[in-house]
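Visitor: Next comes the structure file upload-v9.csv, holding CSV, C-alpha atoms.
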```csv
chain,number,residue,atom,x,y,z
A,1,MET,CA,18.7,70.2,-46.1
A,2,SER,CA,17.2,67.4,-44.6
A,3,SER,CA,18.6,65.8,-41.6
A,4,SER,CA,17.7,62.5,-40.4
A,5,ASN,CA,17.2,62.0,-36.7
A,6,PRO,CA,16.7,58.5,-35.9
A,7,GLY,CA,15.3,59.5,-32.5
A,8,ARG,CA,15.0,57.2,-29.6
A,9,ARG,CA,13.5,53.9,-29.9
A,10,LEU,CA,12.1,51.9,-27.1
A,11,PHE,CA,12.3,48.2,-27.3
A,12,LEU,CA,10.1,46.1,-25.1
A,13,VAL,CA,11.6,42.7,-24.4
A,14,PRO,CA,9.3,40.3,-22.6
A,15,LEU,CA,10.9,38.9,-19.5
A,16,ILE,CA,9.8,35.4,-18.8
A,17,LEU,CA,10.8,34.1,-15.5
A,18,LEU,CA,10.7,30.3,-15.1
A,19,ALA,CA,10.8,28.6,-11.8
A,20,GLY,CA,9.8,25.2,-10.7
A,21,TYR,CA,7.1,25.0,-8.2
A,22,ALA,CA,6.6,22.5,-5.4
A,23,GLN,CA,3.6,20.5,-5.7
A,24,ALA,CA,1.7,20.0,-2.5
A,25,ALA,CA,1.6,16.4,-1.5
A,26,THR,CA,-1.8,14.7,-1.2
A,27,TRP,CA,-2.5,11.5,0.7
A,28,THR,CA,-5.4,9.4,1.9
A,29,CYS,CA,-5.8,7.4,5.1
A,30,GLY,CA,-8.1,4.6,5.8
A,31,VAL,CA,-9.1,3.0,9.2
A,32,SER,CA,-10.6,-0.3,10.4
A,33,ALA,CA,-11.4,-1.0,14.0
A,34,THR,CA,-12.8,-3.9,16.0
A,35,GLY,CA,-13.6,-3.5,19.7
A,36,PRO,CA,-12.9,-6.1,22.3
A,37,ASN,CA,-15.4,-9.0,22.4
A,38,PHE,CA,-15.4,-10.2,26.0
A,39,GLY,CA,-17.5,-13.3,25.4
A,40,ILE,CA,-19.3,-14.7,28.5
A,41,TYR,CA,-18.8,-12.8,31.7
A,42,ASN,CA,-18.8,-14.9,34.9
A,43,PRO,CA,-19.7,-12.8,37.9
A,44,PHE,CA,-18.2,-15.5,40.2
A,45,THR,CA,-14.7,-15.4,38.9
A,46,VAL,CA,-12.1,-13.6,41.0
A,47,THR,CA,-10.0,-12.4,38.1
A,48,PRO,CA,-10.9,-9.6,35.6
A,49,THR,CA,-12.2,-10.6,32.2
A,50,VAL,CA,-10.0,-9.3,29.4
A,51,ALA,CA,-10.2,-9.1,25.6
A,52,ASN,CA,-8.4,-7.2,22.9
A,53,GLY,CA,-9.5,-5.3,19.8
A,54,LEU,CA,-7.5,-3.7,17.0
A,55,ILE,CA,-7.2,-0.4,15.2
A,56,THR,CA,-5.5,-0.4,11.8
A,57,VAL,CA,-4.7,2.9,10.0
A,58,THR,CA,-3.1,3.0,6.6
A,59,CYS,CA,-1.9,6.2,5.0
A,60,THR,CA,-0.9,6.4,1.3
A,61,LEU,CA,0.8,9.2,-0.6
A,62,THR,CA,-1.3,9.9,-3.8
A,63,SER,CA,0.7,12.7,-5.3
A,64,GLY,CA,3.6,15.0,-4.6
A,65,GLY,CA,7.1,14.2,-3.3
A,66,ALA,CA,6.6,13.6,0.5
A,67,ALA,CA,4.2,14.1,3.3
A,68,THR,CA,4.3,13.8,7.1
A,69,VAL,CA,0.9,12.8,8.4
A,70,ASN,CA,0.1,13.1,12.1
A,71,VAL,CA,-2.8,10.9,13.1
A,72,VAL,CA,-4.5,11.4,16.5
A,73,ASP,CA,-7.1,9.0,17.7
A,74,SER,CA,-9.7,9.9,20.3
A,75,PHE,CA,-12.4,7.7,21.9
A,76,SER,CA,-15.9,8.7,23.2
A,77,THR,CA,-17.1,7.7,26.7
A,78,GLY,CA,-19.9,5.5,25.4
A,79,ALA,CA,-23.1,5.0,27.4
A,80,SER,CA,-21.5,5.9,30.7
A,81,GLY,CA,-20.6,9.5,29.9
A,82,SER,CA,-17.3,8.9,31.8
A,83,TYR,CA,-13.8,7.8,31.0
A,84,ALA,CA,-13.2,6.6,34.6
A,85,THR,CA,-15.6,3.7,34.2
A,86,ARG,CA,-17.4,2.8,31.0
A,87,THR,CA,-20.5,0.7,31.1
A,88,MET,CA,-22.0,-1.9,28.8
A,89,ILE,CA,-25.8,-2.0,29.0
A,90,SER,CA,-28.4,-4.8,28.8
A,91,GLY,CA,-31.8,-3.3,29.3
A,92,ALA,CA,-31.7,-1.6,32.7
A,93,ASN,CA,-28.6,-3.5,33.8
A,94,LYS,CA,-25.0,-2.2,33.6
A,95,LEU,CA,-21.7,-3.9,33.5
A,96,ASN,CA,-18.6,-1.8,34.2
A,97,TYR,CA,-15.5,-2.1,31.9
A,98,ASN,CA,-12.9,0.1,30.3
A,99,ILE,CA,-10.5,0.1,27.3
A,100,TYR,CA,-6.8,1.0,27.5
A,101,TYR,CA,-3.7,1.8,25.5
A,102,ASP,CA,-1.5,-0.7,27.5
A,103,ALA,CA,-1.6,-4.3,28.6
A,104,ALA,CA,-1.1,-3.1,32.2
A,105,TYR,CA,-4.5,-1.4,32.1
A,106,THR,CA,-3.2,2.0,33.3
A,107,SER,CA,-3.8,4.4,30.4
A,108,ILE,CA,-7.5,4.7,29.5
A,109,ARG,CA,-8.3,5.4,25.9
A,110,GLY,CA,-10.0,8.8,25.7
A,111,ASN,CA,-10.2,12.2,24.1
A,112,GLY,CA,-7.5,14.1,26.0
A,113,THR,CA,-9.8,15.2,28.9
A,114,GLY,CA,-10.4,13.9,32.3
A,115,GLY,CA,-7.1,12.0,32.5
A,116,ALA,CA,-7.9,9.9,29.4
A,117,PRO,CA,-5.2,10.6,26.8
A,118,THR,CA,-5.4,10.4,23.0
A,119,GLY,CA,-3.1,8.3,21.0
A,120,GLY,CA,-1.7,8.4,17.5
A,121,ALA,CA,1.1,7.8,15.0
A,122,THR,CA,3.2,9.8,12.6
A,123,TYR,CA,3.5,8.6,9.0
A,124,ASN,CA,6.4,9.8,6.9
A,125,LEU,CA,5.3,9.2,3.3
A,126,THR,CA,7.8,9.5,0.4
A,127,SER,CA,7.9,8.4,-3.2
A,128,THR,CA,10.1,5.4,-2.1
A,129,ASN,CA,7.8,4.6,0.9
A,130,PRO,CA,4.4,5.8,-0.3
A,131,SER,CA,2.3,3.7,2.1
A,132,GLN,CA,2.5,2.9,5.8
A,133,THR,CA,0.3,0.9,8.1
A,134,ASN,CA,0.1,1.1,11.9
A,135,THR,CA,-1.9,-1.4,14.0
A,136,GLY,CA,-2.7,-0.7,17.6
A,137,ILE,CA,-4.2,-3.0,20.2
A,138,ILE,CA,-7.2,-2.0,22.2
A,139,TYR,CA,-6.9,-3.6,25.6
A,140,GLY,CA,-10.3,-4.2,27.2
A,141,ARG,CA,-10.9,-5.2,30.9
A,142,ILE,CA,-14.1,-6.0,32.9
A,143,PRO,CA,-13.4,-5.9,36.7
A,144,ALA,CA,-14.2,-9.1,38.5
A,145,GLY,CA,-17.0,-9.6,41.0
A,146,GLN,CA,-19.8,-7.6,39.4
A,147,ASN,CA,-23.2,-9.2,40.3
A,148,VAL,CA,-25.1,-8.6,37.0
A,149,ALA,CA,-28.1,-10.2,35.5
A,150,ALA,CA,-27.7,-12.6,32.5
A,151,GLY,CA,-28.1,-10.8,29.2
A,152,SER,CA,-26.3,-9.4,26.2
A,153,TYR,CA,-24.3,-6.3,27.2
A,154,THR,CA,-23.1,-3.8,24.7
A,155,ASP,CA,-21.7,-0.3,24.4
A,156,VAL,CA,-20.9,1.9,21.4
A,157,ILE,CA,-17.6,3.8,21.5
A,158,THR,CA,-17.0,6.4,18.7
A,159,LEU,CA,-13.4,6.5,17.4
A,160,THR,CA,-12.4,9.8,15.9
A,161,LEU,CA,-9.3,10.2,13.8
A,162,THR,CA,-7.8,13.6,13.2
A,163,PHE,CA,-5.2,14.2,10.5
```
Go through the file and emit its structure as structure tokens.
Guide:
Amino acid sequence: MSSSNPGRRLFLVPLILLAGYAQAATWTCGVSATGPNFGIYNPFTVTPTVANGLITVTCTLTSGGAATVNVVDSFSTGASGSYATRTMISGANKLNYNIYYDAAYTSIRGNGTGGAPTGGATYNLTSTNPSQTNTGIIYGRIPAGQNVAAGSYTDVITLTLTF
């Protein structure tokens, strides 16, 4: 007598899980900057010499749905090595000046140390608003009454942007 025992059978069913994934947003930022050009300084004037420069930062979403980009700017001390008073140099001669965040000349542009704060902006980039631009004024001021020799005075300030 033969009996048929089908036995146990094991069925393997592949389980495929599907889920959407969030694509990380990518973005780019570009910057242009011009420092104040003070022109001719007159040591006999009783008022400070002032001039403005500009910083323009544009951030653009390149892929993904949205991004919040925090941009922080910081400025070097230049030739003086100090934020309290920066100096422009012509040979061995020095002309004191400084650069500020405000037209009242109270907030010196710096790197966050020595009382000289950093600045910045936040860009909220989305698919409907993929590009944003922010322009900031650099307020420059040379104190009056500096008895300096004639010459071409310059300084180099390094602007660093952190994203």
Visitor: Can you pull out the residues contacting stretch 121-130 of chain A? Cut-off 10 Å, using only C-alpha atoms, and skip same-chain residues under 5 positions away; I want them as a PyMOL selection string.
Guide: chain A and resi 25+27+57-73+135-136+163
Visitor: Could you make a table, as JSON lines, of the residues of stretch 18-50 of chain A that have an atom within 10 Å of an atom of stretch 91-110 of chain A, each with its nearest atom pair and distance in Å to one decimal, counting all atoms listed in the file, in chain and number order?
Guide:
```
{"residue": "A:Gly35", "atom": "CA", "partner": "A:Ile99", "partner_atom": "CA", "distance": 9.0}
{"residue": "A:Pro36", "atom": "CA", "partner": "A:Ile99", "partner_atom": "CA", "distance": 8.3}
{"residue": "A:Tyr41", "atom": "CA", "partner": "A:Leu95", "partner_atom": "CA", "distance": 9.5}
{"residue": "A:Pro48", "atom": "CA", "partner": "A:Tyr97", "partner_atom": "CA", "distance": 9.5}
{"residue": "A:Thr49", "atom": "CA", "partner": "A:Tyr97", "partner_atom": "CA", "distance": 9.1}
{"residue": "A:Val50", "atom": "CA", "partner": "A:Tyr97", "partner_atom": "CA", "distance": 9.4}
```
Visitor: Keeping only C-alpha atoms, take the residues you just selected and write them out as a CSV table (one decimal), in the coordinates of the input.
Guide:
```csv
chain,number,residue,atom,x,y,z
A,35,GLY,CA,-13.6,-3.5,19.7
A,36,PRO,CA,-12.9,-6.1,22.3
A,41,TYR,CA,-18.8,-12.8,31.7
A,48,PRO,CA,-10.9,-9.6,35.6
A,49,THR,CA,-12.2,-10.6,32.2
A,50,VAL,CA,-10.0,-9.3,29.4
```
Visitor: Between A:Leu161, A:Ala84, A:Ile138, A:Ile89, single out the one closest to A:Asn37, counting only C-alpha atoms.
Guide: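 Closest to A:Asn37 of all the choices is A:Ile138.
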Visitor: Of the candidates A:Ser74, A:Ser90, A:Thr56, A:Ser32, which shows the shortest atom-to-atom distance to A:Ser152, using all atoms listed in the file?
Guide: A:Ser90
Visitor: Which value, in Å to one decimal, gives the distance between atom CA of A:Asn52 and atom CA of A:Gly114?
Guide: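 Answer for the atom CA of A:Asn52 to atom CA of A:Gly114 separation: 23.2 Å.
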Visitor: Neighbouring residues of A:Gly78 were defined as those with any atom within 8 Å, considering all atoms listed in the file; residues of the same chain fewer than 5 positions away were excluded. Please report them as a PDB file with C-alpha atoms, in the frame of the given file.
Guide:
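The file below, selection20.pdb, is the result:
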```pdb
ATOM      1  CA  ARG A  86     -17.400   2.800  31.000  1.00  0.00           C
ATOM      2  CA  THR A  87     -20.500   0.700  31.100  1.00  0.00           C
ATOM      3  CA  ASP A 155     -21.700  -0.300  24.400  1.00  0.00           C
ATOM      4  CA  VAL A 156     -20.900   1.900  21.400  1.00  0.00           C
ATOM      5  CA  ILE A 157     -17.600   3.800  21.500  1.00  0.00           C
ATOM      6  CA  THR A 158     -17.000   6.400  18.700  1.00  0.00           C
TER       7      THR A 158
END
```
Visitor: State, in Å with one decimal place, the distance from atom CA of A:Thr154 to atom CA of A:Asn42.
Guide: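 Value for the atom CA of A:Thr154-atom CA of A:Asn42 distance: 15.7 Å.
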Visitor: Mind pulling up the distance from atom CA of A:Thr47 to atom CA of A:Ser76?
Guide: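 Going from atom CA of A:Ser76 over to atom CA of A:Thr47 covers 26.5 Å.
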Visitor: I'd like to know which of A:Met88, A:Gly115, A:Ala79, A:Ile55 is closest to A:Leu159, using only C-alpha atoms.
Guide: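 Of A:Met88, A:Gly115, A:Ala79, A:Ile55, the one nearest A:Leu159, counting only C-alpha atoms, is A:Ile55.
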